[in-house]
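entry_34.pdb, holding PDB, C-alpha atoms, pLDDT in the B column:
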```pdb
ATOM      1  CA  MET A  24      13.224   8.323   6.132  1.00 94.00           C
ATOM      2  CA  ILE A  25       9.764   8.347   4.579  1.00 97.00           C
ATOM      3  CA  ARG A  26       9.129  11.020   1.970  1.00 97.00           C
ATOM      4  CA  ASP A  27       6.982  11.875  -1.030  1.00 96.00           C
ATOM      5  CA  THR A  28       7.790   9.801  -4.085  1.00 97.00           C
ATOM      6  CA  SER A  29       9.740  11.742  -6.716  1.00 96.00           C
ATOM      7  CA  PRO A  30      10.344  11.099 -10.420  1.00 96.00           C
ATOM      8  CA  SER A  31      13.883   9.900  -9.653  1.00 96.00           C
ATOM      9  CA  ASP A  32      12.396   7.055  -7.554  1.00 96.00           C
ATOM     10  CA  LYS A  33      10.371   5.568 -10.388  1.00 96.00           C
ATOM     11  CA  HIS A  34      12.798   2.941 -11.691  1.00 95.00           C
ATOM     12  CA  ALA A  35      13.768   1.664  -8.225  1.00 96.00           C
ATOM     13  CA  LEU A  36      10.166   1.494  -7.013  1.00 95.00           C
ATOM     14  CA  LEU A  37       8.969  -0.333 -10.109  1.00 95.00           C
ATOM     15  CA  GLN A  38      11.798  -2.822  -9.601  1.00 93.00           C
ATOM     16  CA  ILE A  39      10.730  -3.390  -5.970  1.00 94.00           C
ATOM     17  CA  ILE A  40       7.158  -3.982  -7.134  1.00 93.00           C
ATOM     18  CA  LYS A  41       8.292  -6.296  -9.935  1.00 94.00           C
ATOM     19  CA  ASP A  42      10.586  -8.246  -7.584  1.00 93.00           C
ATOM     20  CA  SER A  43       7.631  -8.903  -5.270  1.00 89.00           C
ATOM     21  CA  GLY A  44       6.479 -11.460  -7.829  1.00 87.00           C
ATOM     22  CA  GLN A  45       2.852 -10.444  -7.291  1.00 85.00           C
ATOM     23  CA  PHE A  46       2.314  -8.532 -10.528  1.00 88.00           C
ATOM     24  CA  ASP A  47       2.114  -9.763 -14.104  1.00 88.00           C
ATOM     25  CA  ASP A  48       3.326  -7.576 -16.976  1.00 91.00           C
ATOM     26  CA  GLU A  49      -0.092  -6.017 -17.544  1.00 92.00           C
ATOM     27  CA  SER A  50      -0.421  -5.123 -13.854  1.00 91.00           C
ATOM     28  CA  LEU A  51       3.087  -3.642 -13.815  1.00 93.00           C
ATOM     29  CA  LEU A  52       2.185  -1.438 -16.782  1.00 94.00           C
ATOM     30  CA  TYR A  53      -0.911  -0.257 -14.917  1.00 93.00           C
ATOM     31  CA  VAL A  54       1.155   0.583 -11.808  1.00 93.00           C
ATOM     32  CA  GLU A  55       3.709   2.442 -13.939  1.00 95.00           C
ATOM     33  CA  SER A  56       0.974   4.403 -15.704  1.00 93.00           C
ATOM     34  CA  THR A  57      -0.645   5.306 -12.375  1.00 93.00           C
ATOM     35  CA  LEU A  58       2.688   6.446 -10.937  1.00 95.00           C
ATOM     36  CA  ASP A  59       3.507   8.432 -14.092  1.00 94.00           C
ATOM     37  CA  THR A  60       0.163  10.219 -13.933  1.00 93.00           C
ATOM     38  CA  HIS A  61       0.714  11.061 -10.276  1.00 94.00           C
ATOM     39  CA  LEU A  62       4.239  12.357 -10.910  1.00 94.00           C
ATOM     40  CA  THR A  63       3.432  14.402 -14.023  1.00 93.00           C
ATOM     41  CA  GLU A  64      -0.152  15.576 -13.559  1.00 92.00           C
ATOM     42  CA  GLY A  65      -0.704  15.200  -9.831  1.00 87.00           C
ATOM     43  CA  SER A  66      -3.529  13.238  -8.257  1.00 88.00           C
ATOM     44  CA  ASP A  67      -5.378  12.732  -5.005  1.00 92.00           C
ATOM     45  CA  SER A  68      -3.275   9.599  -4.496  1.00 94.00           C
ATOM     46  CA  LEU A  69      -0.604   9.371  -1.842  1.00 96.00           C
ATOM     47  CA  TRP A  70       2.699   7.817  -2.973  1.00 96.00           C
ATOM     48  CA  LEU A  71       5.425   7.538  -0.340  1.00 97.00           C
ATOM     49  CA  THR A  72       8.974   6.224  -0.587  1.00 97.00           C
ATOM     50  CA  ALA A  73      11.050   4.671   2.186  1.00 98.00           C
ATOM     51  CA  ASP A  74      14.536   6.058   1.615  1.00 97.00           C
ATOM     52  CA  ASP A  75      17.703   4.690   3.190  1.00 96.00           C
ATOM     53  CA  GLY A  76      20.160   6.403   0.891  1.00 95.00           C
ATOM     54  CA  GLU A  77      18.143   4.911  -1.967  1.00 96.00           C
ATOM     55  CA  PRO A  78      14.501   3.831  -2.342  1.00 97.00           C
ATOM     56  CA  VAL A  79      13.860   0.663  -0.309  1.00 97.00           C
ATOM     57  CA  GLY A  80      10.060   0.701  -0.043  1.00 97.00           C
ATOM     58  CA  VAL A  81       6.867   2.198  -1.383  1.00 97.00           C
ATOM     59  CA  SER A  82       3.284   2.774  -0.317  1.00 97.00           C
ATOM     60  CA  TYR A  83       0.409   3.926  -2.490  1.00 96.00           C
ATOM     61  CA  CYS A  84      -3.140   4.751  -1.441  1.00 97.00           C
ATOM     62  CA  ASN A  85      -6.209   6.415  -2.898  1.00 95.00           C
ATOM     63  CA  PRO A  86      -9.358   7.970  -1.517  1.00 97.00           C
ATOM     64  CA  GLU A  87     -12.326   5.653  -1.986  1.00 96.00           C
ATOM     65  CA  PRO A  88     -14.948   7.207  -4.279  1.00 95.00           C
ATOM     66  CA  VAL A  89     -18.376   7.974  -2.855  1.00 95.00           C
ATOM     67  CA  THR A  90     -17.195   7.772   0.755  1.00 95.00           C
ATOM     68  CA  SER A  91     -16.567  10.294   3.484  1.00 93.00           C
ATOM     69  CA  GLY A  92     -12.899  10.106   4.456  1.00 95.00           C
ATOM     70  CA  THR A  93     -12.180   6.488   3.505  1.00 97.00           C
ATOM     71  CA  TRP A  94      -8.841   5.624   1.872  1.00 98.00           C
ATOM     72  CA  ASN A  95      -7.540   2.345   0.447  1.00 97.00           C
ATOM     73  CA  LEU A  96      -3.897   1.325   0.915  1.00 97.00           C
ATOM     74  CA  LEU A  97      -3.438  -0.353  -2.445  1.00 95.00           C
ATOM     75  CA  MET A  98       0.253  -1.137  -2.344  1.00 94.00           C
ATOM     76  CA  LEU A  99       2.897  -1.579   0.332  1.00 95.00           C
ATOM     77  CA  TRP A 100       6.230  -3.181  -0.564  1.00 94.00           C
ATOM     78  CA  THR A 101       9.770  -3.126   0.717  1.00 95.00           C
ATOM     79  CA  ARG A 102      12.811  -4.365  -1.100  1.00 95.00           C
ATOM     80  CA  LYS A 103      13.311  -8.062  -0.295  1.00 91.00           C
ATOM     81  CA  ASP A 104      16.733  -7.496   1.261  1.00 94.00           C
ATOM     82  CA  ARG A 105      15.240  -4.802   3.546  1.00 93.00           C
ATOM     83  CA  GLU A 106      12.196  -6.707   4.814  1.00 91.00           C
ATOM     84  CA  GLY A 107      11.857  -6.896   8.586  1.00 91.00           C
ATOM     85  CA  GLN A 108      13.863  -3.706   9.158  1.00 94.00           C
ATOM     86  CA  GLY A 109      10.923  -1.429  10.001  1.00 95.00           C
ATOM     87  CA  PHE A 110      10.448   0.252   6.639  1.00 97.00           C
ATOM     88  CA  GLY A 111       6.957  -1.187   6.113  1.00 96.00           C
ATOM     89  CA  ALA A 112       5.816  -0.073   9.563  1.00 97.00           C
ATOM     90  CA  ALA A 113       7.324   3.365   8.965  1.00 98.00           C
ATOM     91  CA  LEU A 114       5.490   3.643   5.637  1.00 98.00           C
ATOM     92  CA  VAL A 115       2.194   2.701   7.298  1.00 98.00           C
ATOM     93  CA  ALA A 116       2.756   5.160  10.168  1.00 97.00           C
ATOM     94  CA  GLU A 117       3.568   8.042   7.797  1.00 98.00           C
ATOM     95  CA  THR A 118       0.644   7.140   5.547  1.00 97.00           C
ATOM     96  CA  GLU A 119      -1.674   7.251   8.558  1.00 97.00           C
ATOM     97  CA  ARG A 120      -0.188  10.551   9.791  1.00 97.00           C
ATOM     98  CA  ARG A 121      -0.676  12.208   6.411  1.00 97.00           C
ATOM     99  CA  LEU A 122      -4.169  10.839   5.983  1.00 97.00           C
ATOM    100  CA  ARG A 123      -5.209  12.097   9.435  1.00 96.00           C
ATOM    101  CA  ALA A 124      -3.894  15.534   8.442  1.00 95.00           C
ATOM    102  CA  LYS A 125      -6.208  15.343   5.397  1.00 94.00           C
ATOM    103  CA  GLY A 126      -9.148  14.460   7.653  1.00 94.00           C
ATOM    104  CA  ALA A 127      -9.270  10.820   6.566  1.00 96.00           C
ATOM    105  CA  ARG A 128     -11.443   8.733   8.820  1.00 96.00           C
ATOM    106  CA  LEU A 129     -10.851   5.120   7.775  1.00 97.00           C
ATOM    107  CA  LEU A 130      -8.017   3.238   6.085  1.00 98.00           C
ATOM    108  CA  ILE A 131      -8.642  -0.106   4.435  1.00 98.00           C
ATOM    109  CA  VAL A 132      -6.216  -2.646   3.049  1.00 97.00           C
ATOM    110  CA  GLU A 133      -6.983  -5.800   1.114  1.00 96.00           C
ATOM    111  CA  THR A 134      -4.853  -8.914   0.801  1.00 95.00           C
ATOM    112  CA  SER A 135      -5.065 -12.533  -0.208  1.00 95.00           C
ATOM    113  CA  GLY A 136      -6.149 -15.364   2.052  1.00 95.00           C
ATOM    114  CA  LEU A 137      -3.536 -17.710   0.556  1.00 95.00           C
ATOM    115  CA  PRO A 138      -0.871 -19.132   2.890  1.00 94.00           C
ATOM    116  CA  ASP A 139       1.830 -17.121   1.069  1.00 91.00           C
ATOM    117  CA  PHE A 140       0.222 -13.945   2.451  1.00 93.00           C
ATOM    118  CA  ALA A 141       0.210 -14.998   6.126  1.00 95.00           C
ATOM    119  CA  THR A 142       3.127 -12.666   6.854  1.00 93.00           C
ATOM    120  CA  ALA A 143       1.277  -9.725   5.295  1.00 93.00           C
ATOM    121  CA  ARG A 144      -1.842 -10.480   7.326  1.00 96.00           C
ATOM    122  CA  ALA A 145       0.200 -10.699  10.545  1.00 96.00           C
ATOM    123  CA  PHE A 146       1.918  -7.417   9.652  1.00 96.00           C
ATOM    124  CA  TYR A 147      -1.393  -5.598   9.203  1.00 97.00           C
ATOM    125  CA  ALA A 148      -2.673  -6.963  12.509  1.00 97.00           C
ATOM    126  CA  LYS A 149       0.539  -5.810  14.214  1.00 96.00           C
ATOM    127  CA  CYS A 150      -0.045  -2.338  12.724  1.00 97.00           C
ATOM    128  CA  GLY A 151      -3.500  -2.244  14.344  1.00 97.00           C
ATOM    129  CA  PHE A 152      -5.697  -3.211  11.419  1.00 98.00           C
ATOM    130  CA  ILE A 153      -8.782  -5.317  12.140  1.00 98.00           C
ATOM    131  CA  HIS A 154      -9.902  -8.171   9.861  1.00 97.00           C
ATOM    132  CA  GLU A 155     -13.266  -6.856   8.749  1.00 97.00           C
ATOM    133  CA  ALA A 156     -14.407  -9.138   5.931  1.00 97.00           C
ATOM    134  CA  THR A 157     -13.583 -12.077   3.698  1.00 97.00           C
ATOM    135  CA  ILE A 158     -14.793 -12.384   0.125  1.00 98.00           C
ATOM    136  CA  LYS A 159     -14.405 -15.998  -0.879  1.00 97.00           C
ATOM    137  CA  ASP A 160     -12.893 -16.881  -4.261  1.00 97.00           C
ATOM    138  CA  PHE A 161     -12.390 -13.205  -5.102  1.00 96.00           C
ATOM    139  CA  PHE A 162      -8.983 -13.249  -6.838  1.00 92.00           C
ATOM    140  CA  ALA A 163      -9.432 -16.775  -8.204  1.00 93.00           C
ATOM    141  CA  ALA A 164     -11.068 -20.025  -7.150  1.00 96.00           C
ATOM    142  CA  GLY A 165      -9.657 -20.786  -3.702  1.00 95.00           C
ATOM    143  CA  ASP A 166      -8.076 -17.319  -3.307  1.00 96.00           C
ATOM    144  CA  SER A 167     -10.184 -15.133  -1.045  1.00 97.00           C
ATOM    145  CA  LYS A 168      -9.815 -11.395  -0.489  1.00 97.00           C
ATOM    146  CA  LEU A 169      -9.395 -10.377   3.152  1.00 97.00           C
ATOM    147  CA  VAL A 170     -10.288  -6.799   4.011  1.00 98.00           C
ATOM    148  CA  TYR A 171      -8.657  -5.083   6.979  1.00 98.00           C
ATOM    149  CA  THR A 172      -9.624  -1.685   8.392  1.00 98.00           C
ATOM    150  CA  LYS A 173      -8.169   0.880  10.746  1.00 98.00           C
ATOM    151  CA  LEU A 174     -10.064   3.826  12.160  1.00 97.00           C
ATOM    152  CA  LEU A 175      -7.936   6.963  11.817  1.00 97.00           C
ATOM    153  CA  LEU A 176     -10.327   9.577  13.233  1.00 84.00           C
ATOM    154  CA  GLN A 177     -13.429   9.191  15.313  1.00 70.00           C
ATOM    155  CA  SER A 178     -16.563  10.167  13.333  1.00 56.00           C
TER     156      SER A 178
END
```

Can I see the file as structure tokens?
Amino acid sequence: MIRDTSPSDKHALLQIIKDSGQFDDESLLYVESTLDTHLTEGSDSLWLTADDGEPVGVSYCNPEPVTSGTWNLLMLWTRKDREGQGFGAALVAETERRLRAKGARLLIVETSGLPDFATARAFYAKCGFIHEATIKDFFAAGDSKLVYTKLLLQS
């Protein structure tokens, strides 16, 4: 089941994000602060939790400033022992459904061009995202940012 993220999910979701190995301590603090703000003060962000009796995945996206209906899927993770079981696809599908209901027009997602991210890139393609752009050496020398897009509503 995919549902809104609640305060009781916080610890489990932060552990999933930490276990991904993709975030240093400073980045984890930023994610925690962003989630705390969303949970306590509300925000335009969309945080969703994949729940299978306990949190097993998370997605987080924001509207892009100075755009008309463009959102950025900033985070999508499933617990390592639950990868390949459909939770990521379910999170993407529910994210898209909710964004369409908000009138969102375009969803973007960014990932690394490094070989370790080949599975993520294949996943986004399978979900219908199109590779739109590559920004060479974005994250670090030799680590390009790949931008994928998916049209949610016709303009």

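One finds CA of Glu87 in chain A at 22.5 Å from CA of Arg26 in chain A.
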
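Here CA of Arg123 in chain A is placed at a distance of 14.5 Å from CA of Thr172 in chain A.
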
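With only C-alpha atoms as the basis for measurement, A:Thr101 is the residue among A:Thr93, A:Ser66, A:Thr101, A:Gln108 that approaches Leu37 in chain A most closely.
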
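Between Ser68 in chain A and the residues A:Lys41, A:Lys33, A:Arg105, A:Lys125, the shortest atom-to-atom distance, using only C-alpha atoms, involves A:Lys125.
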
Where does the PyMOL selection byres ((chain A and resi 143-154) around 6) land in this file, that is, which residues does it pick, as a PyMOL selection string?
chain A and resi 140-142+155+171-173

Mind pulling up the distance from CA of Leu129 in chain A to CA of Val170 in chain A?
12.5 Å
